[in-house]
file structure28.csv (CSV, C-alpha atoms and all ligand atoms)
chain,number,residue,atom,x,y,z
D,1,MET,CA,123.5,133.7,86.1
D,2,LEU,CA,121.0,130.8,86.6
D,3,ASP,CA,120.4,128.4,83.7
D,4,PRO,CA,116.7,127.7,82.9
D,5,GLU,CA,116.7,124.3,84.5
D,6,LYS,CA,118.0,125.7,87.8
D,7,ALA,CA,115.6,128.6,87.6
D,8,CYS,CA,112.7,126.1,87.1
D,9,LEU,CA,113.9,124.3,90.3
D,10,VAL,CA,114.0,127.6,92.3
D,11,ASN,CA,110.5,128.6,91.0
D,12,CYS,CA,109.0,125.2,91.7
D,13,GLU,CA,110.6,125.1,95.2
D,14,LEU,CA,108.4,128.1,96.0
D,15,PHE,CA,105.3,126.2,95.0
D,16,GLY,CA,106.5,123.4,97.2
D,17,LYS,CA,107.1,125.7,100.2
D,18,HIS,CA,103.6,127.1,99.9
D,19,ALA,CA,101.7,123.9,98.9
D,20,GLY,CA,99.6,123.9,102.1
D,21,LEU,CA,98.8,127.6,101.8
D,22,PHE,CA,97.9,127.2,98.1
D,23,GLU,CA,95.4,124.5,99.1
D,24,SER,CA,93.9,126.4,102.0
D,25,ALA,CA,93.9,129.9,100.6
D,26,ILE,CA,94.0,129.8,96.8
D,27,VAL,CA,92.0,126.7,95.9
D,28,PRO,CA,88.8,127.9,97.5
D,29,LEU,CA,89.0,131.1,95.5
D,30,TRP,CA,89.6,129.2,92.2
D,31,GLN,CA,86.6,126.8,92.3
D,32,GLY,CA,84.8,128.7,89.5
D,33,VAL,CA,87.7,128.7,87.1
D,34,TYR,CA,88.3,124.9,87.7
D,35,ASP,CA,84.7,124.2,86.7
D,36,SER,CA,85.0,126.5,83.7
D,37,LEU,CA,88.2,124.8,82.4
D,38,VAL,CA,86.7,121.3,82.8
D,39,GLN,CA,83.5,122.3,81.1
D,40,ARG,CA,85.4,123.8,78.1
D,41,ALA,CA,87.6,120.7,77.8
D,42,ARG,CA,84.5,118.6,76.7
D,43,ILE,CA,85.7,115.5,78.4
D,44,ALA,CA,84.1,112.2,77.2
D,45,GLU,CA,83.3,109.3,79.5
D,46,ALA,CA,85.9,106.5,79.4
D,47,SER,CA,88.6,108.9,77.9
D,48,ARG,CA,92.2,109.3,79.0
D,49,VAL,CA,93.2,112.8,80.2
D,50,LEU,CA,96.4,114.5,81.3
D,51,ASP,CA,96.4,117.5,83.7
D,52,VAL,CA,99.7,119.4,83.4
D,53,GLY,CA,100.9,121.4,86.5
D,54,THR,CA,98.1,119.7,88.4
D,55,GLY,CA,99.1,121.3,91.7
D,56,THR,CA,96.9,119.9,94.5
D,57,GLY,CA,94.8,118.0,91.9
D,58,GLU,CA,91.6,120.0,91.9
D,59,VAL,CA,91.1,119.7,88.1
D,60,ALA,CA,92.4,116.1,87.9
D,61,LEU,CA,89.8,115.0,90.6
D,62,ARG,CA,87.0,116.7,88.7
D,63,LEU,CA,88.2,114.9,85.5
D,64,GLY,CA,88.3,111.6,87.3
D,65,ARG,CA,84.5,111.9,88.1
D,66,LEU,CA,83.8,112.7,84.4
D,67,VAL,CA,85.7,109.9,82.8
D,68,GLY,CA,84.3,107.3,85.1
D,69,ARG,CA,85.6,103.9,86.0
D,70,LYS,CA,86.6,103.0,82.4
D,71,GLY,CA,88.6,106.3,82.0
D,72,ARG,CA,92.0,107.4,83.3
D,73,VAL,CA,93.4,110.7,84.5
D,74,VAL,CA,97.1,111.5,85.1
D,75,GLY,CA,98.1,114.7,86.9
D,76,ILE,CA,101.8,115.8,86.6
D,77,ASP,CA,103.6,118.4,88.5
D,78,ALA,CA,107.2,119.3,89.3
D,79,GLN,CA,106.6,119.7,93.0
D,80,PRO,CA,106.3,116.7,95.3
D,81,GLU,CA,104.6,118.7,98.1
D,82,MET,CA,101.8,119.7,95.7
D,83,LEU,CA,101.4,116.1,94.6
D,84,GLN,CA,101.3,114.8,98.2
D,85,ILE,CA,98.3,116.9,98.9
D,86,ALA,CA,96.7,115.8,95.5
D,87,MET,CA,97.3,112.1,96.4
D,88,ARG,CA,95.8,112.6,99.9
D,89,LYS,CA,92.7,114.2,98.3
D,90,ALA,CA,92.4,111.4,95.7
D,91,LYS,CA,92.5,108.8,98.4
D,92,GLY,CA,89.9,110.5,100.5
D,93,ASP,CA,87.7,110.8,97.4
D,94,GLY,CA,88.1,107.2,96.4
D,95,SER,CA,89.3,108.3,93.0
D,96,GLY,CA,90.9,105.0,91.8
D,97,ASN,CA,91.1,106.2,88.2
D,98,VAL,CA,93.4,109.3,89.0
D,99,GLU,CA,97.1,109.0,89.4
D,100,PHE,CA,99.8,111.7,90.0
D,101,LYS,CA,103.4,111.7,88.8
D,102,GLN,CA,106.3,114.0,89.4
D,103,MET,CA,107.8,115.4,86.2
D,104,PRO,CA,108.4,118.7,84.4
D,105,MET,CA,105.8,119.7,81.8
D,106,GLU,CA,108.6,120.7,79.4
D,107,GLU,CA,109.7,117.0,79.2
D,108,ILE,CA,106.6,114.8,79.7
D,109,LYS,CA,107.9,111.2,80.4
D,110,LEU,CA,104.8,109.6,79.0
D,111,PRO,CA,104.3,107.8,75.6
D,112,ASP,CA,103.3,109.5,72.3
D,113,ASP,CA,99.6,109.5,71.3
D,114,SER,CA,98.4,108.3,74.7
D,115,PHE,CA,95.7,110.9,75.8
D,116,ASP,CA,92.4,112.0,74.4
D,117,SER,CA,92.7,115.4,76.2
D,118,VAL,CA,95.4,117.5,77.8
D,119,VAL,CA,94.4,120.3,80.2
D,120,GLY,CA,96.2,122.8,82.4
D,121,ASN,CA,94.8,125.4,84.8
D,122,TYR,CA,97.2,128.4,85.3
D,123,SER,CA,100.1,126.1,84.8
D,124,LEU,CA,101.6,126.8,81.4
D,125,CYS,CA,102.1,130.3,82.6
D,126,CYS,CA,104.5,128.9,85.3
D,127,CYS,CA,106.8,126.9,82.9
D,128,MET,CA,110.3,127.9,81.8
D,129,ASP,CA,109.8,127.0,78.1
D,130,TYR,CA,106.3,127.6,76.7
D,131,GLU,CA,106.9,126.2,73.2
D,132,ALA,CA,108.6,123.0,74.5
D,133,THR,CA,105.6,122.5,76.8
D,134,LEU,CA,103.0,122.9,74.0
D,135,THR,CA,105.1,120.6,71.8
D,136,GLU,CA,105.1,117.9,74.5
D,137,CYS,CA,101.4,118.3,75.1
D,138,ARG,CA,100.8,117.7,71.4
D,139,ARG,CA,103.1,114.7,71.3
D,140,VAL,CA,101.3,112.9,74.1
D,141,LEU,CA,97.8,113.6,72.6
D,142,LYS,CA,96.2,111.0,70.3
D,143,PRO,CA,95.6,112.3,66.7
D,144,GLY,CA,92.4,114.4,67.0
D,145,GLY,CA,92.9,114.9,70.8
D,146,ARG,CA,92.2,118.2,72.3
D,147,LEU,CA,94.3,120.6,74.4
D,148,THR,CA,92.5,123.1,76.7
D,149,TYR,CA,94.3,125.4,79.1
D,150,ASN,CA,94.1,128.9,80.5
D,151,HIS,CA,96.1,131.7,82.0
D,152,GLY,CA,96.0,135.5,82.5
D,153,GLY,CA,95.5,137.9,79.6
D,154,PRO,CA,97.7,140.8,78.5
D,155,SER,CA,97.0,143.3,81.3
D,156,ASP,CA,97.0,142.9,85.1
D,157,PRO,CA,94.0,144.1,87.0
D,158,LEU,CA,94.3,147.7,88.4
D,159,ALA,CA,94.4,146.4,92.0
D,160,TYR,CA,97.5,144.2,91.2
D,161,GLN,CA,99.2,147.2,89.5
D,162,VAL,CA,98.5,149.4,92.5
D,163,ILE,CA,99.9,147.1,95.2
D,164,THR,CA,102.8,146.0,93.1
D,165,ARG,CA,103.9,149.6,92.5
D,166,ILE,CA,103.7,150.4,96.2
D,167,PHE,CA,105.5,147.2,97.2
D,168,GLU,CA,108.5,148.1,94.9
D,169,ASP,CA,109.5,150.8,97.5
D,170,TYR,CA,109.6,148.3,100.4
D,171,LYS,CA,111.7,145.6,98.8
D,172,THR,CA,115.1,145.2,100.3
D,173,THR,CA,118.0,146.7,98.4
D,174,THR,CA,120.4,144.2,100.1
D,175,PRO,CA,118.9,140.8,99.3
D,176,THR,CA,120.4,137.6,100.7
D,177,LYS,CA,122.0,135.2,98.1
D,178,LYS,CA,118.8,133.1,98.3
D,179,LEU,CA,116.5,136.0,97.5
D,180,SER,CA,118.8,137.2,94.7
D,181,GLU,CA,118.5,133.8,93.2
D,182,ILE,CA,114.7,133.8,93.6
D,183,ARG,CA,114.5,137.2,91.9
D,184,GLU,CA,116.6,136.0,89.0
D,185,ALA,CA,114.6,132.8,88.6
D,186,SER,CA,111.4,134.7,88.7
D,187,ALA,CA,112.6,137.3,86.1
D,188,LEU,CA,113.7,134.4,83.8
D,189,GLN,CA,110.4,132.7,84.2
D,190,SER,CA,108.4,135.8,83.5
D,191,GLU,CA,110.6,136.5,80.4
D,192,ALA,CA,109.9,133.0,79.2
D,193,VAL,CA,106.1,133.3,79.3
D,194,GLN,CA,105.4,137.1,79.1
D,195,LYS,CA,104.8,137.3,75.4
D,196,TYR,CA,102.2,134.5,75.5
D,197,ARG,CA,99.9,136.6,77.6
D,198,ASP,CA,99.0,138.1,74.2
D,199,PRO,CA,96.3,135.7,72.8
D,200,MET,CA,97.4,136.5,69.2
D,201,VAL,CA,101.0,135.5,69.8
D,202,THR,CA,99.8,132.3,71.5
D,203,LEU,CA,97.4,131.4,68.7
D,204,ASP,CA,100.2,131.8,66.1
D,205,THR,CA,102.5,129.6,68.3
D,206,LEU,CA,99.8,126.9,68.7
D,207,ARG,CA,99.3,126.8,64.9
D,208,SER,CA,103.0,126.7,64.1
D,209,ILE,CA,103.5,123.7,66.5
D,210,GLY,CA,100.7,121.8,64.6
D,211,TYR,CA,97.5,122.4,66.5
D,212,GLY,CA,94.4,122.7,64.3
D,213,GLU,CA,91.3,124.7,65.1
D,214,ALA,CA,93.2,126.8,67.6
D,215,GLU,CA,91.0,129.2,69.5
D,216,ALA,CA,91.4,131.8,72.2
D,217,THR,CA,88.4,132.9,74.4
D,218,VAL,CA,89.0,136.0,76.5
D,219,THR,CA,87.0,136.2,79.7
D,220,GLN,CA,87.1,137.9,83.1
D,221,ARG,CA,87.9,136.0,86.2
D,222,VAL,CA,86.1,137.4,89.2
D,223,ILE,CA,87.7,136.9,92.7
D,224,ASP,CA,85.8,138.2,95.7
D,225,TYR,CA,87.6,139.0,98.9
D,226,LYS,CA,86.1,140.0,102.2
D,227,ASP,CA,87.8,143.4,102.0
D,228,ALA,CA,91.0,145.1,100.6
D,229,GLY,CA,93.0,143.8,103.6
D,230,SER,CA,92.3,140.2,102.7
D,231,PHE,CA,93.5,140.8,99.2
D,232,VAL,CA,96.7,142.5,100.4
D,233,ASP,CA,97.3,139.7,103.0
D,234,GLU,CA,97.0,137.0,100.2
D,235,TRP,CA,99.8,138.8,98.3
D,236,ILE,CA,101.9,139.2,101.4
D,237,SER,CA,101.6,135.5,102.5
D,238,PHE,CA,101.8,133.8,99.1
D,239,ASP,CA,103.1,135.7,96.1
D,240,TRP,CA,105.6,137.9,97.9
D,241,SER,CA,106.5,135.7,100.8
D,242,SER,CA,110.2,135.4,99.9
D,243,GLU,CA,110.5,139.2,99.6
D,244,VAL,CA,108.5,139.7,102.9
D,245,GLU,CA,110.9,137.4,104.8
D,246,GLU,CA,113.6,140.0,104.3
D,247,ILE,CA,111.6,143.1,105.2
D,248,PRO,CA,111.4,144.1,108.9
D,249,SER,CA,107.8,143.5,110.2
D,250,PRO,CA,107.3,147.2,111.3
D,251,GLU,CA,107.9,148.2,107.6
D,252,MET,CA,105.5,145.5,106.4
D,253,LYS,CA,102.8,147.0,108.7
D,254,VAL,CA,103.4,150.4,107.1
D,255,PHE,CA,103.2,148.8,103.7
D,256,ARG,CA,99.9,147.0,104.5
D,257,LYS,CA,98.4,150.2,105.8
D,258,GLU,CA,99.5,152.2,102.7
D,259,ALA,CA,98.3,149.5,100.3
D,260,ILE,CA,94.9,149.3,101.9
D,261,GLU,CA,94.5,153.0,101.8
D,262,ALA,CA,95.5,153.2,98.1
D,263,LEU,CA,93.0,150.4,97.3
D,264,ARG,CA,90.1,152.1,99.2
D,265,PRO,CA,88.6,153.7,96.1
D,266,LEU,CA,88.4,150.3,94.5
D,267,SER,CA,86.5,148.8,97.5
D,268,LYS,CA,82.8,148.3,97.6
D,269,VAL,CA,80.5,148.2,100.6
D,270,GLU,CA,79.9,144.5,100.0
D,271,GLY,CA,83.6,143.6,99.8
D,272,PHE,CA,86.6,143.8,97.4
D,273,ARG,CA,86.3,142.4,93.9
D,274,VAL,CA,89.2,141.7,91.5
D,275,GLU,CA,88.3,141.2,87.9
D,276,ALA,CA,91.2,139.7,86.0
D,277,ASP,CA,91.6,139.1,82.2
D,278,GLU,CA,91.7,135.4,81.6
D,279,VAL,CA,92.2,133.5,78.3
D,280,PHE,CA,91.2,129.9,77.5
D,281,PHE,CA,93.0,128.3,74.7
D,282,THR,CA,92.0,125.2,72.8
D,283,GLY,CA,93.6,123.3,69.9
D,284,LEU,CA,93.4,119.8,68.3
D,285,LYS,CA,96.2,117.6,67.3
D,286,ARG,CA,96.0,117.3,63.6
D,301,LIG,C1,99.6,128.2,89.8
D,301,LIG,S1,99.8,126.5,90.2
D,301,LIG,C2,98.3,125.8,89.5
D,301,LIG,C3,98.1,124.4,90.0
D,301,LIG,C4,96.8,123.8,89.6
D,301,LIG,N1,96.7,123.6,88.1
D,301,LIG,C5,95.6,124.6,90.0
D,301,LIG,O1,95.0,125.4,89.2
D,301,LIG,O2,95.1,124.4,91.2
D,301,LIG,C6,101.0,126.0,89.0
D,301,LIG,C7,101.5,124.6,89.2
D,301,LIG,O3,102.5,124.3,88.2
D,301,LIG,C8,103.6,123.6,88.7
D,301,LIG,N2,104.7,123.9,87.9
D,301,LIG,C9,105.4,125.0,87.7
D,301,LIG,N3,106.4,124.9,86.8
D,301,LIG,C10,106.3,123.6,86.4
D,301,LIG,C11,107.0,122.8,85.4
D,301,LIG,N4,108.0,123.3,84.7
D,301,LIG,N5,106.7,121.5,85.2
D,301,LIG,C12,105.7,120.9,86.0
D,301,LIG,N6,104.9,121.6,86.9
D,301,LIG,C13,105.2,122.9,87.1
D,301,LIG,C14,103.7,124.2,90.1
D,301,LIG,O4,104.4,123.3,91.0
D,301,LIG,C15,102.3,124.4,90.5
D,301,LIG,O5,101.7,123.3,91.2
call {"tool": "encode", "arguments": {"input": "structure28.csv", "output": "structure tokens", "more": "lines below"}}
Ligand SMILES: C[S@@+](CC[C@H](N)C(=O)[O-])C[C@H]1O[C@@H](n2cnc3c(N)ncnc32)[C@H](O)[C@@H]1O
result
Amino acid sequence: MLDPEKACLVNCELFGKHAGLFESAIVPLWQGVYDSLVQRARIAEASRVLDVGTGTGEVALRLGRLVGRKGRVVGIDAQPEMLQIAMRKAKGDGSGNVEFKQMPMEEIKLPDDSFDSVVGNYSLCCCMDYEATLTECRRVLKPGGRLTYNHGGPSDPLAYQVITRIFEDYKTTTPTKKLSEIREASALQSEAVQKYRDPMVTLDTLRSIGYGEAEATVTQRVIDYKDAGSFVDEWISFDWSSEVEEIPSPEMKVFRKEAIEALRPLSKVEGFRVEADEVFFTGLKR
């Protein structure tokens, strides 16, 4: 049985392993949601902002441009591989006011009352202890400072549900020790955050931790793929890669064909569109 700390390491290792792929395949699809989060965060010039679970730094770099030379942005992440890409991008961008630090969001090693804003794009949904993370975000905010973050809503889009159900039948029943550990870590992580996909539960939690004016805005995130095959390939190469490594490739070819066929009714002539529930949360440190 994995303890939460070890499970966090196992989950984060996966982000590290796929950092390059995250940057090349996911980041281009997420441009709209990055802009939306930054806009909702109402960042003032010359302010200090923390981006938790910054990944390859897309949000942090946008924030750096908004706060200007007199402001400061810190991006934190548990994974050095993600941060290396973020630092490379910041250097290329000439963003001297953005810095990146490796640390867990459940235990932010930064002083109390030190940021005007804290933001997180699809990162709190990856942590192992949601309440500890919200408590830490509040601690580092200055009084009156604002938290703004997002993640998926209560239900998965139909396309996710369809391929996930089909994939279940292809997963190995004789996993290696490594894959068993990854499965256990992923189950623990999803148990830790699952209930917070319900905006009402999260709002209650934000208020009980001491956030004022807590609000949830439910929206839809639209992701356009060239076709159903591109959608399935993204899942095969990113989300399920650890499972896929233990499935013989002829079987994966059969899976791909079956999944694309099952998704055909959801395809449009102009491509394949996924519309996912997304919730933006905000709260002020009272
Ligand atoms: C889905 S990615 C989002 C990255 C980035 N915010 C973006 O939207 O491009 C989640 C990020 O959270 C990081 N992460 C996961 N668990 C973490 C933890 N407990 N503490 C710090 N970072 C964590 C991962 O390494 C990964 O970079």
call {"tool": "closest_residue", "arguments": {"input": "structure28.csv", "among": "D:Met252, D:Ile166, D:Leu203, D:Met103", "to": "ligand LIG 301 (chain D)", "atoms": "all atoms listed in the file"}}
result
D:Met103
call {"tool": "closest_atom_pairs", "arguments": {"input": "structure28.csv", "of": "chain D", "to": "ligand LIG 301 (chain D)", "cutoff": "9 Å", "atoms": "all atoms listed in the file", "output": "tab-separated table"}}
result
residue	atom	partner	partner_atom	distance
D:Glu5	CA	D:LIG301	N4	8.8
D:Cys8	CA	D:LIG301	N4	6.0
D:Leu9	CA	D:LIG301	N4	8.2
D:Asn11	CA	D:LIG301	N3	6.9
D:Cys12	CA	D:LIG301	O4	5.0
D:Glu13	CA	D:LIG301	O4	7.7
D:Leu14	CA	D:LIG301	O4	8.0
D:Phe15	CA	D:LIG301	O4	5.0
D:Gly16	CA	D:LIG301	O4	6.5
D:Ala19	CA	D:LIG301	O5	7.7
D:Phe22	CA	D:LIG301	O2	8.0
D:Glu23	CA	D:LIG301	O2	7.9
D:Ile26	CA	D:LIG301	O2	7.9
D:Val27	CA	D:LIG301	O2	6.1
D:Trp30	CA	D:LIG301	O1	7.3
D:Gln31	CA	D:LIG301	O2	8.9
D:Val33	CA	D:LIG301	O1	8.3
D:Tyr34	CA	D:LIG301	O1	6.9
D:Asp51	CA	D:LIG301	N1	7.5
D:Val52	CA	D:LIG301	N6	6.6
D:Gly53	CA	D:LIG301	O3	3.7
D:Thr54	CA	D:LIG301	N1	4.2
D:Gly55	CA	D:LIG301	O5	3.3
D:Thr56	CA	D:LIG301	O2	5.9
D:Gly57	CA	D:LIG301	O2	6.4
D:Glu58	CA	D:LIG301	O2	5.7
D:Val59	CA	D:LIG301	N1	6.8
D:Ala60	CA	D:LIG301	N1	8.6
D:Ile76	CA	D:LIG301	C12	6.4
D:Asp77	CA	D:LIG301	N6	3.8
D:Ala78	CA	D:LIG301	C12	4.0
D:Gln79	CA	D:LIG301	O4	4.7
D:Pro80	CA	D:LIG301	O4	8.1
D:Glu81	CA	D:LIG301	O4	8.5
D:Met82	CA	D:LIG301	O5	5.8
D:Leu83	CA	D:LIG301	O5	8.0
D:Gln102	CA	D:LIG301	C12	7.7
D:Met103	CA	D:LIG301	C12	5.9
D:Pro104	CA	D:LIG301	N5	3.4
D:Met105	CA	D:LIG301	N5	4.0
D:Glu106	CA	D:LIG301	N4	5.9
D:Glu107	CA	D:LIG301	N5	8.1
D:Ile108	CA	D:LIG301	N5	8.7
D:Val119	CA	D:LIG301	N1	8.9
D:Gly120	CA	D:LIG301	N1	5.8
D:Asn121	CA	D:LIG301	N1	4.2
D:Tyr122	CA	D:LIG301	C2	5.1
D:Ser123	CA	D:LIG301	C6	4.3
D:Leu124	CA	D:LIG301	O3	7.3
D:Cys125	CA	D:LIG301	C6	7.8
D:Cys126	CA	D:LIG301	C9	4.7
D:Cys127	CA	D:LIG301	N4	4.2
D:Met128	CA	D:LIG301	N4	5.9
D:Asp129	CA	D:LIG301	N4	7.8
D:Thr133	CA	D:LIG301	N4	8.3
call {"tool": "closest_residue", "arguments": {"input": "structure28.csv", "among": "D:Arg72, D:Lys195, D:Arg273, D:Lys178", "to": "Tyr160 (chain D)", "atoms": "all atoms listed in the file"}}
result
D:Arg273
call {"tool": "atom_distance", "arguments": {"input": "structure28.csv", "atom1": "CA of Glu243 (chain D)", "atom2": "CA of Thr172 (chain D)"}}
result
7.6 Å
call {"tool": "residues_around", "arguments": {"input": "structure28.csv", "residues": "Glu246 (chain D)", "least_positions_apart": "6", "cutoff": "9 Å", "atoms": "all atoms listed in the file", "output": "mmCIF file with C-alpha atoms, keeping the file's coordinate frame"}}
result
data_model
loop_
_atom_site.group_PDB
_atom_site.id
_atom_site.type_symbol
_atom_site.label_atom_id
_atom_site.label_comp_id
_atom_site.auth_asym_id
_atom_site.auth_seq_id
_atom_site.Cartn_x
_atom_site.Cartn_y
_atom_site.Cartn_z
ATOM 1 C CA LYS D 171 111.700 145.600 98.800
ATOM 2 C CA THR D 172 115.100 145.200 100.300
ATOM 3 C CA PRO D 175 118.900 140.800 99.300
ATOM 4 C CA THR D 176 120.400 137.600 100.700
ATOM 5 C CA LEU D 179 116.500 136.000 97.500
#
call {"tool": "atom_distance", "arguments": {"input": "structure28.csv", "atom1": "CA of Arg256 (chain D)", "atom2": "CA of Val232 (chain D)"}}
result
6.9 Å
call {"tool": "atom_distance", "arguments": {"input": "structure28.csv", "atom1": "CA of Leu263 (chain D)", "atom2": "CA of Pro250 (chain D)"}}
result
20.3 Å
call {"tool": "residues_around", "arguments": {"input": "structure28.csv", "residues": "Tyr211 (chain D)", "least_positions_apart": "3", "cutoff": "7 Å", "atoms": "all atoms listed in the file", "output": "ChimeraX atom specification"}}
result
/D:206-207,214,283-286
call {"tool": "closest_residue", "arguments": {"input": "structure28.csv", "among": "D:Val10, D:Ile209, D:Val218, D:Leu266", "to": "Leu158 (chain D)", "atoms": "all atoms listed in the file"}}
result
D:Leu266
call {"tool": "residues_near_point", "arguments": {"input": "structure28.csv", "point": "(98.1, 133.0, 79.7)", "cutoff": "6 Å", "atoms": "only C-alpha atoms", "output": "list in words"}}
result
Cys125, Asn150, His151, Gly152, Gly153 and Arg197 of chain D
call {"tool": "residues_near_point", "arguments": {"input": "structure28.csv", "point": "(86.4, 125.6, 78.7)", "cutoff": "9 Å", "atoms": "all atoms listed in the file", "output": "ChimeraX atom specification"}}
result
/D:35-42,148-150,217,280-282
call {"tool": "closest_residue", "arguments": {"input": "structure28.csv", "among": "D:Trp240, D:Tyr170, D:Tyr196, D:Tyr130", "to": "Arg183 (chain D)", "atoms": "only C-alpha atoms"}}
result
D:Trp240
call {"tool": "decode", "arguments": {"input": "structure28.csv", "residues": "region 181-194 of chain D", "atoms": "N, CA and C atoms", "output": "short mmCIF file (atom, residue, chain, number, x, y, z; two decimals), in the first residue's frame"}}
result
data_model
loop_
_atom_site.label_atom_id
_atom_site.label_comp_id
_atom_site.auth_asym_id
_atom_site.auth_seq_id
_atom_site.Cartn_x
_atom_site.Cartn_y
_atom_site.Cartn_z
N GLU D 181 2.00 -0.19 -9.20
CA GLU D 181 2.25 0.97 -8.34
C GLU D 181 1.60 2.23 -8.96
N ILE D 182 1.74 2.34 -10.28
CA ILE D 182 1.15 3.50 -10.97
C ILE D 182 -0.37 3.48 -10.84
N ARG D 183 -0.95 2.27 -10.97
CA ARG D 183 -2.42 2.16 -10.83
C ARG D 183 -2.85 2.56 -9.42
N GLU D 184 -2.08 2.10 -8.44
CA GLU D 184 -2.45 2.40 -7.04
C GLU D 184 -2.33 3.91 -6.77
N ALA D 185 -1.24 4.51 -7.27
CA ALA D 185 -1.02 5.95 -7.06
C ALA D 185 -2.13 6.75 -7.73
N SER D 186 -2.50 6.32 -8.93
CA SER D 186 -3.52 7.07 -9.65
C SER D 186 -4.89 6.94 -8.98
N ALA D 187 -5.16 5.74 -8.40
CA ALA D 187 -6.44 5.56 -7.68
C ALA D 187 -6.46 6.45 -6.43
N LEU D 188 -5.32 6.51 -5.71
CA LEU D 188 -5.25 7.34 -4.50
C LEU D 188 -5.44 8.82 -4.83
N GLN D 189 -4.79 9.23 -5.94
CA GLN D 189 -4.86 10.63 -6.34
C GLN D 189 -6.29 10.99 -6.74
N SER D 190 -6.91 10.07 -7.49
CA SER D 190 -8.26 10.41 -7.93
C SER D 190 -9.24 10.40 -6.75
N GLU D 191 -8.99 9.51 -5.77
CA GLU D 191 -9.80 9.51 -4.54
C GLU D 191 -9.65 10.84 -3.80
N ALA D 192 -8.39 11.37 -3.80
CA ALA D 192 -8.11 12.60 -3.05
C ALA D 192 -8.82 13.82 -3.64
N VAL D 193 -9.09 13.82 -4.94
CA VAL D 193 -9.63 15.04 -5.56
C VAL D 193 -11.04 14.87 -6.12
N GLN D 194 -11.50 13.61 -6.24
CA GLN D 194 -12.76 13.32 -6.93
C GLN D 194 -13.93 14.18 -6.45
#
